[in-house]
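Q: Sharing a structure here in structure tokens format.
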Amino acid sequence: MFGYVRPLKEELKIREYDGFKSYYCGLCHHIKKDYGDIPRFTLSYDVTTMGILLDALGPSSAMVKKKTCISRPVTKFPTIQNNLALKYASTVNVLLAYYKLLDDVDDEDDLKSKALALSFKPYLKNVPKELKFLNKVIKENLAQLHRLESTQTFSSLDEIAHPFANLVGSIVKLYPYPLRKDSRSLRANLYTFGYKLGKWIYLIDALDDFESDTEQGKFNALYCLYKNDTKTMHEEVDLTLYSCEASCKEILDKLPLRRNRAVLSNIVTLGMMDRYYKVANSCKSKQSNS
């Protein structure tokens with residue numbers, strides 16, 4: 001994951017932002033507990049949001065305890081502990097990071113990524129039995145995405161974004177632990193929420209990297225589709241990203257959340273759009289100056 005999905009801090013109350021940080025720190029501690037210290041450096045805001053969403057639907061209350069941080073070992077921070085949603089998220093985080101490193105090795109033959117991938121591989125043995133299905137889900141969808149990017153045999157934003165969107169949708173839907181008011185309808189809504197979120201992440205990452213990718217001759221889905229027609233590119237990307245955000249908001253409003261609604265609403269309605277505006281304006285500014 002890429003770190004685009006986060007709250008707009010200045011629009012949160014202090015206790016709401018502290019709540020978000022307690023999940024972020026909690027995910028870091030769950031990664032340490034389940035996989036060790038090195039994988040903690042891949043900690044993702046996007047996966048944190050997944051954990052917050054799934055825990056908001058959980059049947060039991062979140063346990064908070066003050067813990068020290070690896071970056072500030074003296075100060076103690078409120079941290080979510082012994083949490084099934086963060087246990088799940090920690091495995092998602094580690095597996096996504098591992099396969100992202102492998103993808104970097106394939107694309108660029110990057111020695112640093114190769115060394116990190118080798119250092120990550122032993123941690124995969126620690127994946128709990130009930131979560132081993134995640135390896136297949138992530139591996140298969142990223143392999144499909146890699147094939148499309150390698151062959152460039154896609155003709156629309158929907159087609160190229162589908163594998164990553166399906167990956168995120170499947171991860172959220174297939175959460176194996178108890179959920180409040182669990183049902184086929186709830187799982188379908190979770191899949192759609194994750195699908196739209198994953199599509200948004202993939203496309204905003206492509207937009208963010210558009211200029212650097214084209215300058216360096218790297219693959220970029222938006223360049224493949226639009227070449228130098230940046231006006232049409234921005235119009236269609238704008239429409240798609242707005243649609244994804246609106247769908248996420250619509251589904252979030254339907255979910256029977258027990259907690260975290262204010263934080264999740266902030267992320268979907270303010271944080272995602274703020275991040276989009278910054279990426280889009282930066283991209284347009286670079287294009288006007290080139």
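Letters for chains follow the order of the structure tokens (A, B, ...), residue numbers begin at 1 for each chain, and ligand numbers begin at 1 in the order shown.
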Write out as a tab-separated table a residue-level contact list of segment 146-189 of chain A versus segment 79-91 of chain A with cut-off 12 Å: for each qualifying residue the closest pair of atoms and the distance in Å to one decimal, counting only C-alpha atoms, rows sorted by chain and residue number upward.

A:
residue	atom	partner	partner_atom	distance
A:Val168	CA	A:Ala89	CA	11.7
A:Ile171	CA	A:Ala89	CA	9.4
A:Val172	CA	A:Ala89	CA	9.7
A:Leu174	CA	A:Tyr88	CA	10.5
A:Tyr175	CA	A:Tyr88	CA	7.6
A:Pro176	CA	A:Tyr88	CA	8.6
A:Tyr177	CA	A:Leu84	CA	7.2
A:Pro178	CA	A:Leu84	CA	9.2
A:Leu179	CA	A:Ala85	CA	10.1

Q: Would you mind writing down, as a list of chain:residue names, each residue of segment 74-246 of chain A that DSSP on the backbone assigns to strand (DSSP E)?

A: A:Lys76, A:Phe77, A:Pro78, A:Thr79, A:Ile80, A:Gln81

Q: For Ile251 of chain A, please output as a PyMOL selection string all residues within 12 Å (counting only C-alpha atoms; exclusion window: fewer than 3 positions along the same chain).

A: chain A and resi 53+185-197+244-248+254-257+264-265+268

Q: Take the residues from that selection and write them out as an mmCIF file, in the first residue's frame, keeping N, CA, C and O atoms.

A:
data_model
loop_
_atom_site.group_PDB
_atom_site.id
_atom_site.type_symbol
_atom_site.label_atom_id
_atom_site.label_comp_id
_atom_site.auth_asym_id
_atom_site.auth_seq_id
_atom_site.Cartn_x
_atom_site.Cartn_y
_atom_site.Cartn_z
ATOM 1 N N LEU A 53 -11.453 0.340 10.403
ATOM 2 C CA LEU A 53 -12.780 -0.013 9.893
ATOM 3 C C LEU A 53 -13.246 -1.363 10.435
ATOM 4 O O LEU A 53 -14.372 -1.494 10.939
ATOM 5 N N SER A 185 -24.935 -9.374 3.226
ATOM 6 C CA SER A 185 -25.063 -7.972 2.828
ATOM 7 C C SER A 185 -23.916 -7.125 3.376
ATOM 8 O O SER A 185 -23.349 -6.291 2.664
ATOM 9 N N LEU A 186 -23.560 -7.364 4.641
ATOM 10 C CA LEU A 186 -22.447 -6.633 5.236
ATOM 11 C C LEU A 186 -21.156 -6.941 4.497
ATOM 12 O O LEU A 186 -20.379 -6.033 4.171
ATOM 13 N N ARG A 187 -20.914 -8.213 4.212
ATOM 14 C CA ARG A 187 -19.684 -8.597 3.515
ATOM 15 C C ARG A 187 -19.642 -8.006 2.104
ATOM 16 O O ARG A 187 -18.586 -7.595 1.620
ATOM 17 N N ALA A 188 -20.804 -7.954 1.443
ATOM 18 C CA ALA A 188 -20.859 -7.357 0.109
ATOM 19 C C ALA A 188 -20.528 -5.866 0.175
ATOM 20 O O ALA A 188 -19.801 -5.330 -0.679
ATOM 21 N N ASN A 189 -21.050 -5.188 1.192
ATOM 22 C CA ASN A 189 -20.739 -3.766 1.361
ATOM 23 C C ASN A 189 -19.261 -3.551 1.671
ATOM 24 O O ASN A 189 -18.650 -2.592 1.183
ATOM 25 N N LEU A 190 -18.690 -4.436 2.481
ATOM 26 C CA LEU A 190 -17.262 -4.323 2.788
ATOM 27 C C LEU A 190 -16.416 -4.528 1.531
ATOM 28 O O LEU A 190 -15.417 -3.824 1.326
ATOM 29 N N TYR A 191 -16.824 -5.478 0.697
ATOM 30 C CA TYR A 191 -16.080 -5.707 -0.552
ATOM 31 C C TYR A 191 -16.138 -4.452 -1.427
ATOM 32 O O TYR A 191 -15.097 -4.012 -1.951
ATOM 33 N N THR A 192 -17.324 -3.884 -1.578
ATOM 34 C CA THR A 192 -17.465 -2.713 -2.441
ATOM 35 C C THR A 192 -16.678 -1.528 -1.890
ATOM 36 O O THR A 192 -16.019 -0.799 -2.642
ATOM 37 N N PHE A 193 -16.736 -1.347 -0.566
ATOM 38 C CA PHE A 193 -15.954 -0.273 0.053
ATOM 39 C C PHE A 193 -14.469 -0.475 -0.243
ATOM 40 O O PHE A 193 -13.780 0.446 -0.685
ATOM 41 N N GLY A 194 -13.963 -1.695 0.000
ATOM 42 C CA GLY A 194 -12.560 -1.978 -0.253
ATOM 43 C C GLY A 194 -12.201 -1.855 -1.722
ATOM 44 O O GLY A 194 -11.114 -1.370 -2.077
ATOM 45 N N TYR A 195 -13.108 -2.298 -2.601
ATOM 46 C CA TYR A 195 -12.854 -2.231 -4.044
ATOM 47 C C TYR A 195 -12.689 -0.780 -4.493
ATOM 48 O O TYR A 195 -11.717 -0.444 -5.184
ATOM 49 N N LYS A 196 -13.602 0.068 -4.075
ATOM 50 C CA LYS A 196 -13.531 1.485 -4.467
ATOM 51 C C LYS A 196 -12.308 2.160 -3.850
ATOM 52 O O LYS A 196 -11.658 3.003 -4.479
ATOM 53 N N LEU A 197 -11.990 1.786 -2.613
ATOM 54 C CA LEU A 197 -10.811 2.346 -1.957
ATOM 55 C C LEU A 197 -9.538 1.911 -2.687
ATOM 56 O O LEU A 197 -8.638 2.719 -2.936
ATOM 57 N N CYS A 244 -15.241 7.126 -6.734
ATOM 58 C CA CYS A 244 -14.770 6.173 -5.718
ATOM 59 C C CYS A 244 -14.991 6.722 -4.314
ATOM 60 O O CYS A 244 -15.460 6.007 -3.421
ATOM 61 N N GLU A 245 -14.655 7.992 -4.121
ATOM 62 C CA GLU A 245 -14.813 8.606 -2.795
ATOM 63 C C GLU A 245 -16.278 8.649 -2.398
ATOM 64 O O GLU A 245 -16.644 8.354 -1.254
ATOM 65 N N ALA A 246 -17.146 8.997 -3.346
ATOM 66 C CA ALA A 246 -18.578 9.071 -3.064
ATOM 67 C C ALA A 246 -19.141 7.700 -2.700
ATOM 68 O O ALA A 246 -19.971 7.571 -1.795
ATOM 69 N N SER A 247 -18.672 6.660 -3.397
ATOM 70 C CA SER A 247 -19.126 5.297 -3.096
ATOM 71 C C SER A 247 -18.677 4.866 -1.707
ATOM 72 O O SER A 247 -19.448 4.244 -0.962
ATOM 73 N N CYS A 248 -17.430 5.182 -1.355
ATOM 74 C CA CYS A 248 -16.927 4.838 -0.017
ATOM 75 C C CYS A 248 -17.758 5.523 1.061
ATOM 76 O O CYS A 248 -18.105 4.907 2.077
ATOM 77 N N LYS A 254 -23.795 3.345 5.730
ATOM 78 C CA LYS A 254 -24.686 2.195 5.934
ATOM 79 C C LYS A 254 -24.167 1.204 6.966
ATOM 80 O O LYS A 254 -24.928 0.399 7.497
ATOM 81 N N LEU A 255 -22.880 1.220 7.218
ATOM 82 C CA LEU A 255 -22.275 0.186 8.054
ATOM 83 C C LEU A 255 -22.635 0.362 9.530
ATOM 84 O O LEU A 255 -22.659 1.486 10.047
ATOM 85 N N PRO A 256 -22.886 -0.737 10.242
ATOM 86 C CA PRO A 256 -23.256 -0.676 11.669
ATOM 87 C C PRO A 256 -22.036 -0.521 12.573
ATOM 88 O O PRO A 256 -21.710 -1.400 13.374
ATOM 89 N N LEU A 257 -21.355 0.613 12.453
ATOM 90 C CA LEU A 257 -20.120 0.834 13.201
ATOM 91 C C LEU A 257 -20.415 1.026 14.686
ATOM 92 O O LEU A 257 -21.339 1.751 15.054
ATOM 93 N N LEU A 264 -13.316 7.676 10.601
ATOM 94 C CA LEU A 264 -13.489 7.086 9.275
ATOM 95 C C LEU A 264 -14.171 8.055 8.317
ATOM 96 O O LEU A 264 -13.799 8.153 7.141
ATOM 97 N N SER A 265 -15.158 8.795 8.809
ATOM 98 C CA SER A 265 -15.829 9.789 7.970
ATOM 99 C C SER A 265 -14.853 10.885 7.559
ATOM 100 O O SER A 265 -14.867 11.358 6.413
ATOM 101 N N VAL A 268 -12.572 9.505 4.761
ATOM 102 C CA VAL A 268 -13.238 9.324 3.469
ATOM 103 C C VAL A 268 -13.668 10.650 2.846
ATOM 104 O O VAL A 268 -13.492 10.866 1.644
#

Q: Tell me, as a list in words, which residues lie within 9 Å of Arg261 of chain A, counting only C-alpha atoms; anything in the same chain fewer than 5 positions away does not count.

A: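 Listed by chain and then number, they are Leu53, Ala56, Leu252, Asp253 and Asn266 of chain A.
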
Q: Mind pulling up the distance from atom CA of Ala97 of chain A to atom CA of Asn135 of chain A?

A: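 Straight-line distance from atom CA of Asn135 of chain A to atom CA of Ala97 of chain A works out to 11.7 Å.
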
Q: Within 12 Å of segment 224-240 of chain A, counting only C-alpha atoms, which residues show up once you throw out same-chain ones fewer than 5 positions away? Write them as an mmCIF file with N, CA, C and O atoms, in the first residue's frame, please.

A:
data_model
loop_
_atom_site.group_PDB
_atom_site.id
_atom_site.type_symbol
_atom_site.label_atom_id
_atom_site.label_comp_id
_atom_site.auth_asym_id
_atom_site.auth_seq_id
_atom_site.Cartn_x
_atom_site.Cartn_y
_atom_site.Cartn_z
ATOM 1 N N LEU A 148 -0.850 -7.256 -16.647
ATOM 2 C CA LEU A 148 -1.444 -6.147 -17.390
ATOM 3 C C LEU A 148 -0.440 -5.020 -17.607
ATOM 4 O O LEU A 148 -0.369 -4.428 -18.696
ATOM 5 N N GLU A 149 0.325 -4.714 -16.578
ATOM 6 C CA GLU A 149 1.306 -3.637 -16.703
ATOM 7 C C GLU A 149 2.439 -4.018 -17.644
ATOM 8 O O GLU A 149 2.938 -3.172 -18.402
ATOM 9 N N SER A 150 2.840 -5.278 -17.623
ATOM 10 C CA SER A 150 3.949 -5.734 -18.472
ATOM 11 C C SER A 150 3.562 -5.773 -19.942
ATOM 12 O O SER A 150 4.336 -5.380 -20.819
ATOM 13 N N THR A 151 2.354 -6.267 -20.218
ATOM 14 C CA THR A 151 1.907 -6.408 -21.602
ATOM 15 C C THR A 151 1.209 -5.164 -22.123
ATOM 16 O O THR A 151 1.054 -4.987 -23.338
ATOM 17 N N GLN A 152 0.767 -4.318 -21.188
ATOM 18 C CA GLN A 152 0.032 -3.092 -21.525
ATOM 19 C C GLN A 152 -1.189 -3.399 -22.380
ATOM 20 O O GLN A 152 -1.561 -2.641 -23.277
ATOM 21 N N THR A 153 -1.844 -4.518 -22.066
ATOM 22 C CA THR A 153 -3.033 -4.951 -22.805
ATOM 23 C C THR A 153 -4.297 -4.549 -22.056
ATOM 24 O O THR A 153 -5.142 -5.377 -21.745
ATOM 25 N N PHE A 154 -4.413 -3.281 -21.745
ATOM 26 C CA PHE A 154 -5.612 -2.765 -21.083
ATOM 27 C C PHE A 154 -6.055 -1.516 -21.827
ATOM 28 O O PHE A 154 -5.246 -0.851 -22.491
ATOM 29 N N SER A 155 -7.335 -1.210 -21.736
ATOM 30 C CA SER A 155 -7.869 -0.109 -22.540
ATOM 31 C C SER A 155 -8.666 0.914 -21.732
ATOM 32 O O SER A 155 -9.292 1.796 -22.316
ATOM 33 N N SER A 156 -8.660 0.790 -20.403
ATOM 34 C CA SER A 156 -9.427 1.742 -19.589
ATOM 35 C C SER A 156 -8.875 1.813 -18.177
ATOM 36 O O SER A 156 -8.129 0.917 -17.733
ATOM 37 N N LEU A 157 -9.249 2.863 -17.462
ATOM 38 C CA LEU A 157 -8.878 2.994 -16.057
ATOM 39 C C LEU A 157 -9.452 1.840 -15.245
ATOM 40 O O LEU A 157 -8.783 1.288 -14.368
ATOM 41 N N ASP A 158 -10.699 1.475 -15.533
ATOM 42 C CA ASP A 158 -11.353 0.398 -14.794
ATOM 43 C C ASP A 158 -10.594 -0.910 -14.932
ATOM 44 O O ASP A 158 -10.421 -1.643 -13.951
ATOM 45 N N GLU A 159 -10.136 -1.207 -16.129
ATOM 46 C CA GLU A 159 -9.475 -2.490 -16.378
ATOM 47 C C GLU A 159 -8.130 -2.585 -15.673
ATOM 48 O O GLU A 159 -7.835 -3.597 -15.020
ATOM 49 N N ILE A 160 -7.324 -1.546 -15.745
ATOM 50 C CA ILE A 160 -5.998 -1.624 -15.143
ATOM 51 C C ILE A 160 -6.060 -1.519 -13.623
ATOM 52 O O ILE A 160 -5.244 -2.109 -12.901
ATOM 53 N N ALA A 161 -7.071 -0.812 -13.096
ATOM 54 C CA ALA A 161 -7.181 -0.666 -11.643
ATOM 55 C C ALA A 161 -7.853 -1.867 -10.985
ATOM 56 O O ALA A 161 -7.781 -2.026 -9.761
ATOM 57 N N LYS A 196 -13.602 0.068 -4.075
ATOM 58 C CA LYS A 196 -13.531 1.485 -4.467
ATOM 59 C C LYS A 196 -12.308 2.160 -3.850
ATOM 60 O O LYS A 196 -11.658 3.003 -4.479
ATOM 61 N N LEU A 197 -11.990 1.786 -2.613
ATOM 62 C CA LEU A 197 -10.811 2.346 -1.957
ATOM 63 C C LEU A 197 -9.538 1.911 -2.687
ATOM 64 O O LEU A 197 -8.638 2.719 -2.936
ATOM 65 N N LYS A 199 -9.225 0.971 -5.807
ATOM 66 C CA LYS A 199 -9.189 1.637 -7.121
ATOM 67 C C LYS A 199 -8.678 3.067 -6.969
ATOM 68 O O LYS A 199 -7.847 3.540 -7.750
ATOM 69 N N TRP A 200 -9.186 3.748 -5.936
ATOM 70 C CA TRP A 200 -8.749 5.127 -5.657
ATOM 71 C C TRP A 200 -7.249 5.159 -5.379
ATOM 72 O O TRP A 200 -6.531 6.011 -5.908
ATOM 73 N N ILE A 201 -6.754 4.236 -4.569
ATOM 74 C CA ILE A 201 -5.330 4.197 -4.223
ATOM 75 C C ILE A 201 -4.471 3.968 -5.461
ATOM 76 O O ILE A 201 -3.462 4.645 -5.681
ATOM 77 N N TYR A 202 -4.869 3.003 -6.281
ATOM 78 C CA TYR A 202 -4.065 2.685 -7.466
ATOM 79 C C TYR A 202 -3.977 3.891 -8.401
ATOM 80 O O TYR A 202 -2.888 4.223 -8.901
ATOM 81 N N LEU A 203 -5.101 4.559 -8.632
ATOM 82 C CA LEU A 203 -5.115 5.662 -9.588
ATOM 83 C C LEU A 203 -4.433 6.911 -9.056
ATOM 84 O O LEU A 203 -3.746 7.613 -9.803
ATOM 85 N N ILE A 204 -4.590 7.194 -7.764
ATOM 86 C CA ILE A 204 -3.926 8.391 -7.250
ATOM 87 C C ILE A 204 -2.410 8.181 -7.193
ATOM 88 O O ILE A 204 -1.633 9.112 -7.391
ATOM 89 N N ASP A 205 -1.992 6.934 -6.979
ATOM 90 C CA ASP A 205 -0.558 6.643 -7.015
ATOM 91 C C ASP A 205 -0.014 6.834 -8.434
ATOM 92 O O ASP A 205 1.073 7.392 -8.607
ATOM 93 N N ALA A 206 -0.774 6.390 -9.433
ATOM 94 C CA ALA A 206 -0.352 6.586 -10.824
ATOM 95 C C ALA A 206 -0.280 8.069 -11.168
ATOM 96 O O ALA A 206 0.647 8.515 -11.872
ATOM 97 N N LEU A 207 -1.241 8.851 -10.676
ATOM 98 C CA LEU A 207 -1.232 10.294 -10.915
ATOM 99 C C LEU A 207 -0.061 10.958 -10.213
ATOM 100 O O LEU A 207 0.618 11.815 -10.785
ATOM 101 N N ASP A 208 0.214 10.547 -8.991
ATOM 102 C CA ASP A 208 1.316 11.111 -8.210
ATOM 103 C C ASP A 208 2.663 10.854 -8.887
ATOM 104 O O ASP A 208 3.565 11.693 -8.848
ATOM 105 N N PHE A 210 3.108 10.263 -12.156
ATOM 106 C CA PHE A 210 3.022 10.467 -13.607
ATOM 107 C C PHE A 210 4.256 11.165 -14.171
ATOM 108 O O PHE A 210 4.882 10.684 -15.132
ATOM 109 N N GLU A 211 4.620 12.289 -13.607
ATOM 110 C CA GLU A 211 5.739 13.064 -14.153
ATOM 111 C C GLU A 211 7.068 12.324 -14.016
ATOM 112 O O GLU A 211 7.847 12.235 -14.971
ATOM 113 N N ASP A 213 7.600 9.098 -13.599
ATOM 114 C CA ASP A 213 7.610 7.884 -14.414
ATOM 115 C C ASP A 213 7.877 8.194 -15.882
ATOM 116 O O ASP A 213 8.673 7.503 -16.550
ATOM 117 N N THR A 214 7.223 9.227 -16.396
ATOM 118 C CA THR A 214 7.404 9.554 -17.817
ATOM 119 C C THR A 214 8.813 10.084 -18.084
ATOM 120 O O THR A 214 9.410 9.779 -19.125
ATOM 121 N N GLY A 217 11.102 7.045 -18.059
ATOM 122 C CA GLY A 217 10.748 5.964 -18.963
ATOM 123 C C GLY A 217 10.182 4.742 -18.274
ATOM 124 O O GLY A 217 10.255 3.624 -18.803
ATOM 125 N N LYS A 218 9.578 4.931 -17.091
ATOM 126 C CA LYS A 218 8.986 3.818 -16.361
ATOM 127 C C LYS A 218 7.524 3.644 -16.748
ATOM 128 O O LYS A 218 6.893 4.558 -17.286
ATOM 129 N N PHE A 219 6.990 2.480 -16.437
ATOM 130 C CA PHE A 219 5.575 2.234 -16.702
ATOM 131 C C PHE A 219 4.708 3.165 -15.865
ATOM 132 O O PHE A 219 4.964 3.375 -14.681
ATOM 133 N N GLU A 245 -14.655 7.992 -4.121
ATOM 134 C CA GLU A 245 -14.813 8.606 -2.795
ATOM 135 C C GLU A 245 -16.278 8.649 -2.398
ATOM 136 O O GLU A 245 -16.644 8.354 -1.254
ATOM 137 N N ALA A 246 -17.146 8.997 -3.346
ATOM 138 C CA ALA A 246 -18.578 9.071 -3.064
ATOM 139 C C ALA A 246 -19.141 7.700 -2.700
ATOM 140 O O ALA A 246 -19.971 7.571 -1.795
ATOM 141 N N SER A 247 -18.672 6.660 -3.397
ATOM 142 C CA SER A 247 -19.126 5.297 -3.096
ATOM 143 C C SER A 247 -18.677 4.866 -1.707
ATOM 144 O O SER A 247 -19.448 4.244 -0.962
ATOM 145 N N MET A 273 -9.851 13.391 -0.132
ATOM 146 C CA MET A 273 -9.982 14.472 -1.093
ATOM 147 C C MET A 273 -8.856 15.501 -0.939
ATOM 148 O O MET A 273 -8.367 16.047 -1.930
ATOM 149 N N TYR A 276 -5.989 14.026 -2.652
ATOM 150 C CA TYR A 276 -6.178 14.082 -4.101
ATOM 151 C C TYR A 276 -5.884 15.483 -4.644
ATOM 152 O O TYR A 276 -5.181 15.643 -5.651
ATOM 153 N N TYR A 277 -6.428 16.518 -3.993
ATOM 154 C CA TYR A 277 -6.197 17.887 -4.469
ATOM 155 C C TYR A 277 -4.698 18.199 -4.515
ATOM 156 O O TYR A 277 -4.211 18.813 -5.475
ATOM 157 N N VAL A 279 -2.150 16.083 -4.792
ATOM 158 C CA VAL A 279 -1.483 15.321 -5.855
ATOM 159 C C VAL A 279 -1.828 15.889 -7.224
ATOM 160 O O VAL A 279 -0.958 16.093 -8.074
ATOM 161 N N ALA A 280 -3.124 16.153 -7.451
ATOM 162 C CA ALA A 280 -3.567 16.666 -8.750
ATOM 163 C C ALA A 280 -2.956 18.035 -9.042
ATOM 164 O O ALA A 280 -2.483 18.298 -10.161
ATOM 165 N N ASN A 281 -2.974 18.935 -8.064
ATOM 166 C CA ASN A 281 -2.414 20.273 -8.273
ATOM 167 C C ASN A 281 -0.921 20.225 -8.507
ATOM 168 O O ASN A 281 -0.394 20.983 -9.329
ATOM 169 N N CYS A 283 0.712 17.696 -9.859
ATOM 170 C CA CYS A 283 0.898 17.143 -11.210
ATOM 171 C C CYS A 283 0.647 18.202 -12.271
ATOM 172 O O CYS A 283 1.416 18.355 -13.223
ATOM 173 N N LYS A 284 -0.444 18.970 -12.132
ATOM 174 C CA LYS A 284 -0.773 20.013 -13.105
ATOM 175 C C LYS A 284 0.290 21.116 -13.116
ATOM 176 O O LYS A 284 0.638 21.647 -14.171
ATOM 177 N N SER A 285 0.819 21.446 -11.935
ATOM 178 C CA SER A 285 1.844 22.475 -11.829
ATOM 179 C C SER A 285 3.121 22.050 -12.559
ATOM 180 O O SER A 285 3.729 22.815 -13.293
ATOM 181 N N LYS A 286 3.516 20.787 -12.381
ATOM 182 C CA LYS A 286 4.716 20.282 -13.057
ATOM 183 C C LYS A 286 4.520 20.267 -14.570
ATOM 184 O O LYS A 286 5.441 20.574 -15.322
ATOM 185 N N GLN A 287 3.308 19.925 -15.015
ATOM 186 C CA GLN A 287 3.046 19.876 -16.443
ATOM 187 C C GLN A 287 3.049 21.284 -17.073
ATOM 188 O O GLN A 287 3.548 21.482 -18.180
ATOM 189 N N SER A 288 2.524 22.271 -16.342
ATOM 190 C CA SER A 288 2.500 23.636 -16.864
ATOM 191 C C SER A 288 3.888 24.249 -16.911
ATOM 192 O O SER A 288 4.155 25.156 -17.717
#

Q: For a quick check of understanding, using only C-alpha atoms, which of A:Arg15, A:Lys114, A:Lys249, A:Lys67 has the smallest distance to Cys28 of chain A?

A: A:Lys67

Q: Apply DSSP to the structure's backbone, then extract all residues of segment 46-191 of chain A labelled helix (DSSP H, G or I) and return them as a ChimeraX atom specification.

A: /A:46-56,84-108,111-126,129-131,133-151,157-173,184-191
